[in-house]
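Everything on this sheet refers to the single structure shown next.
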Amino acid sequence: KKFWLESSCDGHRLSDQTFHLVHLVCCTPFSTMSSAGGQRPPANRMTLQTFKGRLGGAQKGFRLLKKKRDALKARFQALLKDIVDAKLQVGSGLKDAAFSLAKAHWANSGDDITSTVVERAKRPSVLCKLVAENVAGVSIPVFKMSHDPTKDTSAQTLGVAHGGAVINACRETYFKAVTQLVRLASLQTAFKTLDEEIKMTSRRVNALEYVLIPRIEDTIAYITQEMDEQSREEFFRVKKVVEKKKAKLAREKEEAEKAAAASGKPTGEAIDAPSMFDGKKDSDLIF
């Protein structure tokens, strides 16, 4: 569907942004986000930030695609009313055209003028061109009819002897019927294109809402829980290390006291160190 996104005119930026967001999220392997089956991602801050970024992109893509789907549905409902009106007009126009052709045959003395009209139609005077109309980033084909009256000069002399006015009226009636047919064909083509696009966009929206976003949220919750568990384990480990160090110091102190008591040396008393300021006189300094 990238061709339809790139071929749009007015909504090019919106559709490209939607495409890249959905492509970024949808191309993430499910094994890294799956809660059941698949390998769990490593629980660290870098992975947590990565999945938070993916969650933000998925939510943004979900909002854009939902707005796109709503716009397409609104245009789809409007097309339904236009198609009903166009079908009624086409039915009435073809009925009038068939009746006017019967009148033209009667005015031409009952002769069939179809072969004469086909022989004189050298170049087509009515052309139908295909153009693209942008609706919420979707390129919808539209048929545009163009009429060149200068190419109808060969058919204008038809029925000069008798029935010319009736034949001209028949040609005008058929021209109106062809115009309505082209309009109906354009509406039907746009209707089918919008129907397929709405189905595809709805599948993307549902996949983001019910599959991808819950998986990413579950993975974020798992990483957060694992990081909290790691923090509690680290705190408990540090607490145990401190307790063991305190116990070791207490044990070493107790052993030192026992050893000192066994040797008869006093423990816990200050050592009587010699004073630097005793009664001796220093020798004189000679300069």
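Labels used: A, B, ... for chains in the order of the structure tokens, numbers from 1 for residues in each chain, and numbers from 1 for ligands as shown.
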Excluding A:Asn206 and its own-chain neighbours fewer than 2 positions away, which residues fall within 12 Å of it when counting only C-alpha atoms? Please give them as an mmCIF file with C-alpha atoms, in the first residue's frame.
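Heads up, here's the output in around.cif:
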data_model
loop_
_atom_site.group_PDB
_atom_site.id
_atom_site.type_symbol
_atom_site.label_atom_id
_atom_site.label_comp_id
_atom_site.auth_asym_id
_atom_site.auth_seq_id
_atom_site.Cartn_x
_atom_site.Cartn_y
_atom_site.Cartn_z
ATOM 1 C CA ALA A 58 2.316 2.903 18.328
ATOM 2 C CA GLY A 61 0.108 5.799 14.775
ATOM 3 C CA PHE A 62 -3.100 4.415 16.265
ATOM 4 C CA ARG A 63 -4.543 7.919 16.686
ATOM 5 C CA LEU A 65 -4.983 5.776 11.600
ATOM 6 C CA LYS A 66 -8.198 6.132 13.600
ATOM 7 C CA ARG A 69 -10.526 5.681 9.159
ATOM 8 C CA ILE A 198 -11.360 1.211 5.111
ATOM 9 C CA LYS A 199 -10.983 -2.555 5.610
ATOM 10 C CA MET A 200 -7.184 -2.312 5.486
ATOM 11 C CA THR A 201 -7.094 0.695 7.836
ATOM 12 C CA SER A 202 -9.498 -1.018 10.246
ATOM 13 C CA ARG A 203 -7.253 -4.087 10.337
ATOM 14 C CA ARG A 204 -4.278 -1.880 11.155
ATOM 15 C CA LEU A 208 -2.450 -1.731 17.015
ATOM 16 C CA GLU A 209 -5.209 -1.473 19.618
ATOM 17 C CA TYR A 210 -5.671 -5.122 20.522
ATOM 18 C CA VAL A 211 -2.335 -6.786 19.676
ATOM 19 C CA LEU A 212 0.716 -4.546 19.456
ATOM 20 C CA ILE A 213 -0.014 -1.917 22.109
ATOM 21 C CA PRO A 214 -1.059 -4.519 24.775
#
Counting only C-alpha atoms, give me one row per residue of stretch 59-111 of chain A with an atom at most 7 Å from an atom of stretch 131-141 of chain A, showing the shortest contact pair and its distance in Å to one decimal, sorted by chain then residue number, as a Markdown table.
| residue | atom | partner | partner_atom | distance |
| --- | --- | --- | --- | --- |
| A:Lys68 | CA | A:Ala136 | CA | 5.8 |
| A:Ala71 | CA | A:Ala136 | CA | 6.5 |
| A:Leu72 | CA | A:Ala136 | CA | 6.9 |
ask   = atom CA of A:Cys128 and atom CA of A:Thr150, how far apart in Å?
value =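 These atoms are spaced 16.7 Å apart.
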task = as a VMD selection string, list the residues of stretch 36-153 of chain A assigned to helix (DSSP H, G or I) by DSSP on the backbone atoms of this structure.
result = chain A and resid 45 to 107 114 to 120 149 to 153
request  = Go through A:Met227, A:Ala169, A:Val90, A:Ala97 one by one, measure the shortest atom-to-atom distance of each to A:Arg183 using only C-alpha atoms, and give the residue with the smallest value.
outcome  = A:Val90
task = Could you tell me, as a list in words, which residues of stretch 39-224 of chain A DSSP assigns to strand (DSSP E or B) when given the backbone?
result = Val126, Leu127, Cys128, Lys129, Leu130, Val131, Ala132, Glu133, Asn134, Val135, Val138, Ser139, Ile140, Pro141, Val142, Phe143, Lys144, Met145, Ser146 and His147 of chain A
Those selected residues, please, written with all heavy atoms and delivered as a short mmCIF file (atom, residue, chain, number, x, y, z; two decimals), in the first residue's frame.
data_model
loop_
_atom_site.label_atom_id
_atom_site.label_comp_id
_atom_site.auth_asym_id
_atom_site.auth_seq_id
_atom_site.Cartn_x
_atom_site.Cartn_y
_atom_site.Cartn_z
N VAL A 126 -16.29 12.30 -27.35
CA VAL A 126 -16.36 12.24 -25.89
C VAL A 126 -15.19 11.40 -25.38
O VAL A 126 -15.04 10.24 -25.78
CB VAL A 126 -17.70 11.63 -25.41
CG1 VAL A 126 -17.72 11.52 -23.89
CG2 VAL A 126 -18.87 12.48 -25.88
N LEU A 127 -14.36 12.00 -24.54
CA LEU A 127 -13.21 11.31 -23.97
C LEU A 127 -13.34 11.25 -22.45
O LEU A 127 -13.89 12.17 -21.84
CB LEU A 127 -11.91 12.03 -24.34
CG LEU A 127 -11.57 12.10 -25.84
CD1 LEU A 127 -10.30 12.92 -26.07
CD2 LEU A 127 -11.40 10.70 -26.44
N CYS A 128 -12.84 10.21 -21.90
CA CYS A 128 -12.90 10.01 -20.45
C CYS A 128 -11.47 9.89 -19.92
O CYS A 128 -10.71 9.01 -20.37
CB CYS A 128 -13.71 8.76 -20.12
SG CYS A 128 -14.02 8.55 -18.35
N LYS A 129 -11.12 10.76 -18.99
CA LYS A 129 -9.78 10.76 -18.40
C LYS A 129 -9.84 10.33 -16.94
O LYS A 129 -10.83 10.59 -16.25
CB LYS A 129 -9.15 12.15 -18.50
CG LYS A 129 -8.91 12.61 -19.92
CD LYS A 129 -8.26 13.99 -19.94
CE LYS A 129 -8.00 14.44 -21.38
NZ LYS A 129 -7.36 15.78 -21.42
N LEU A 130 -8.78 9.70 -16.51
CA LEU A 130 -8.69 9.23 -15.12
C LEU A 130 -7.77 10.15 -14.34
O LEU A 130 -6.60 10.33 -14.68
CB LEU A 130 -8.14 7.79 -15.08
CG LEU A 130 -8.01 7.16 -13.69
CD1 LEU A 130 -9.37 7.02 -13.03
CD2 LEU A 130 -7.32 5.81 -13.78
N VAL A 131 -8.31 10.75 -13.29
CA VAL A 131 -7.53 11.62 -12.41
C VAL A 131 -7.63 11.06 -10.99
O VAL A 131 -8.48 10.22 -10.69
CB VAL A 131 -8.02 13.08 -12.46
CG1 VAL A 131 -7.82 13.67 -13.85
CG2 VAL A 131 -9.47 13.17 -12.04
N ALA A 132 -6.73 11.53 -10.13
CA ALA A 132 -6.69 11.06 -8.74
C ALA A 132 -7.17 12.16 -7.80
O ALA A 132 -6.78 13.32 -7.93
CB ALA A 132 -5.28 10.63 -8.36
N GLU A 133 -8.02 11.78 -6.88
CA GLU A 133 -8.51 12.70 -5.84
C GLU A 133 -8.04 12.19 -4.48
O GLU A 133 -8.17 11.00 -4.18
CB GLU A 133 -10.04 12.78 -5.89
CG GLU A 133 -10.62 13.75 -4.87
CD GLU A 133 -12.14 13.79 -4.93
OE1 GLU A 133 -12.71 13.09 -5.80
OE2 GLU A 133 -12.74 14.48 -4.10
N ASN A 134 -7.50 13.11 -3.69
CA ASN A 134 -6.93 12.71 -2.40
C ASN A 134 -7.98 12.87 -1.30
O ASN A 134 -8.57 13.93 -1.12
CB ASN A 134 -5.71 13.59 -2.10
CG ASN A 134 -5.07 13.20 -0.78
OD1 ASN A 134 -5.03 12.04 -0.43
ND2 ASN A 134 -4.57 14.18 -0.06
N VAL A 135 -8.19 11.79 -0.56
CA VAL A 135 -9.09 11.80 0.59
C VAL A 135 -8.36 11.16 1.76
O VAL A 135 -8.14 9.94 1.78
CB VAL A 135 -10.40 11.03 0.30
CG1 VAL A 135 -11.28 11.00 1.53
CG2 VAL A 135 -11.14 11.67 -0.86
N VAL A 138 -5.52 8.99 0.80
CA VAL A 138 -5.83 7.87 -0.09
C VAL A 138 -6.14 8.43 -1.47
O VAL A 138 -6.95 9.34 -1.61
CB VAL A 138 -7.02 7.06 0.44
CG1 VAL A 138 -7.35 5.91 -0.50
CG2 VAL A 138 -6.73 6.54 1.83
N SER A 139 -5.49 7.89 -2.48
CA SER A 139 -5.71 8.34 -3.86
C SER A 139 -6.91 7.59 -4.44
O SER A 139 -6.86 6.37 -4.62
CB SER A 139 -4.45 8.08 -4.69
OG SER A 139 -4.63 8.57 -6.00
N ILE A 140 -7.97 8.34 -4.72
CA ILE A 140 -9.21 7.75 -5.26
C ILE A 140 -9.32 8.08 -6.73
O ILE A 140 -9.23 9.26 -7.11
CB ILE A 140 -10.43 8.29 -4.49
CG1 ILE A 140 -10.35 7.87 -3.02
CG2 ILE A 140 -11.72 7.77 -5.11
CD1 ILE A 140 -11.48 8.40 -2.20
N PRO A 141 -9.48 7.09 -7.60
CA PRO A 141 -9.63 7.38 -9.04
C PRO A 141 -10.97 8.03 -9.35
O PRO A 141 -12.02 7.60 -8.84
CB PRO A 141 -9.50 6.00 -9.69
CG PRO A 141 -9.88 5.03 -8.63
CD PRO A 141 -9.49 5.65 -7.32
N VAL A 142 -10.93 9.05 -10.18
CA VAL A 142 -12.14 9.78 -10.58
C VAL A 142 -12.11 9.94 -12.10
O VAL A 142 -11.07 10.30 -12.68
CB VAL A 142 -12.21 11.17 -9.90
CG1 VAL A 142 -13.46 11.92 -10.37
CG2 VAL A 142 -12.23 11.03 -8.39
N PHE A 143 -13.23 9.65 -12.75
CA PHE A 143 -13.34 9.78 -14.20
C PHE A 143 -13.86 11.17 -14.55
O PHE A 143 -14.91 11.59 -14.03
CB PHE A 143 -14.27 8.70 -14.77
CG PHE A 143 -13.80 7.30 -14.52
CD1 PHE A 143 -14.46 6.48 -13.63
CD2 PHE A 143 -12.69 6.81 -15.18
CE1 PHE A 143 -14.03 5.20 -13.40
CE2 PHE A 143 -12.24 5.52 -14.95
CZ PHE A 143 -12.91 4.71 -14.07
N LYS A 144 -13.15 11.84 -15.44
CA LYS A 144 -13.55 13.16 -15.93
C LYS A 144 -13.85 13.06 -17.42
O LYS A 144 -13.02 12.59 -18.19
CB LYS A 144 -12.43 14.19 -15.70
CG LYS A 144 -12.10 14.43 -14.23
CD LYS A 144 -13.24 15.13 -13.50
CE LYS A 144 -12.85 15.45 -12.06
NZ LYS A 144 -13.96 16.12 -11.34
N MET A 145 -15.04 13.48 -17.81
CA MET A 145 -15.46 13.41 -19.20
C MET A 145 -15.27 14.75 -19.89
O MET A 145 -15.60 15.80 -19.33
CB MET A 145 -16.93 12.99 -19.29
CG MET A 145 -17.38 12.59 -20.68
SD MET A 145 -19.14 12.24 -20.76
CE MET A 145 -19.81 13.89 -20.72
N SER A 146 -14.71 14.70 -21.08
CA SER A 146 -14.51 15.92 -21.89
C SER A 146 -15.18 15.72 -23.24
O SER A 146 -15.08 14.64 -23.85
CB SER A 146 -13.02 16.21 -22.07
OG SER A 146 -12.38 15.14 -22.73
N HIS A 147 -15.85 16.78 -23.71
CA HIS A 147 -16.60 16.71 -24.98
C HIS A 147 -16.08 17.77 -25.94
O HIS A 147 -15.92 18.94 -25.58
CB HIS A 147 -18.10 16.93 -24.73
CG HIS A 147 -18.92 16.91 -25.96
ND1 HIS A 147 -19.84 17.90 -26.26
CD2 HIS A 147 -18.95 16.04 -27.00
CE1 HIS A 147 -20.41 17.63 -27.42
NE2 HIS A 147 -19.89 16.50 -27.89
#
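One finds atom CA of A:Ala98 at 14.5 Å from atom CA of A:Leu181.
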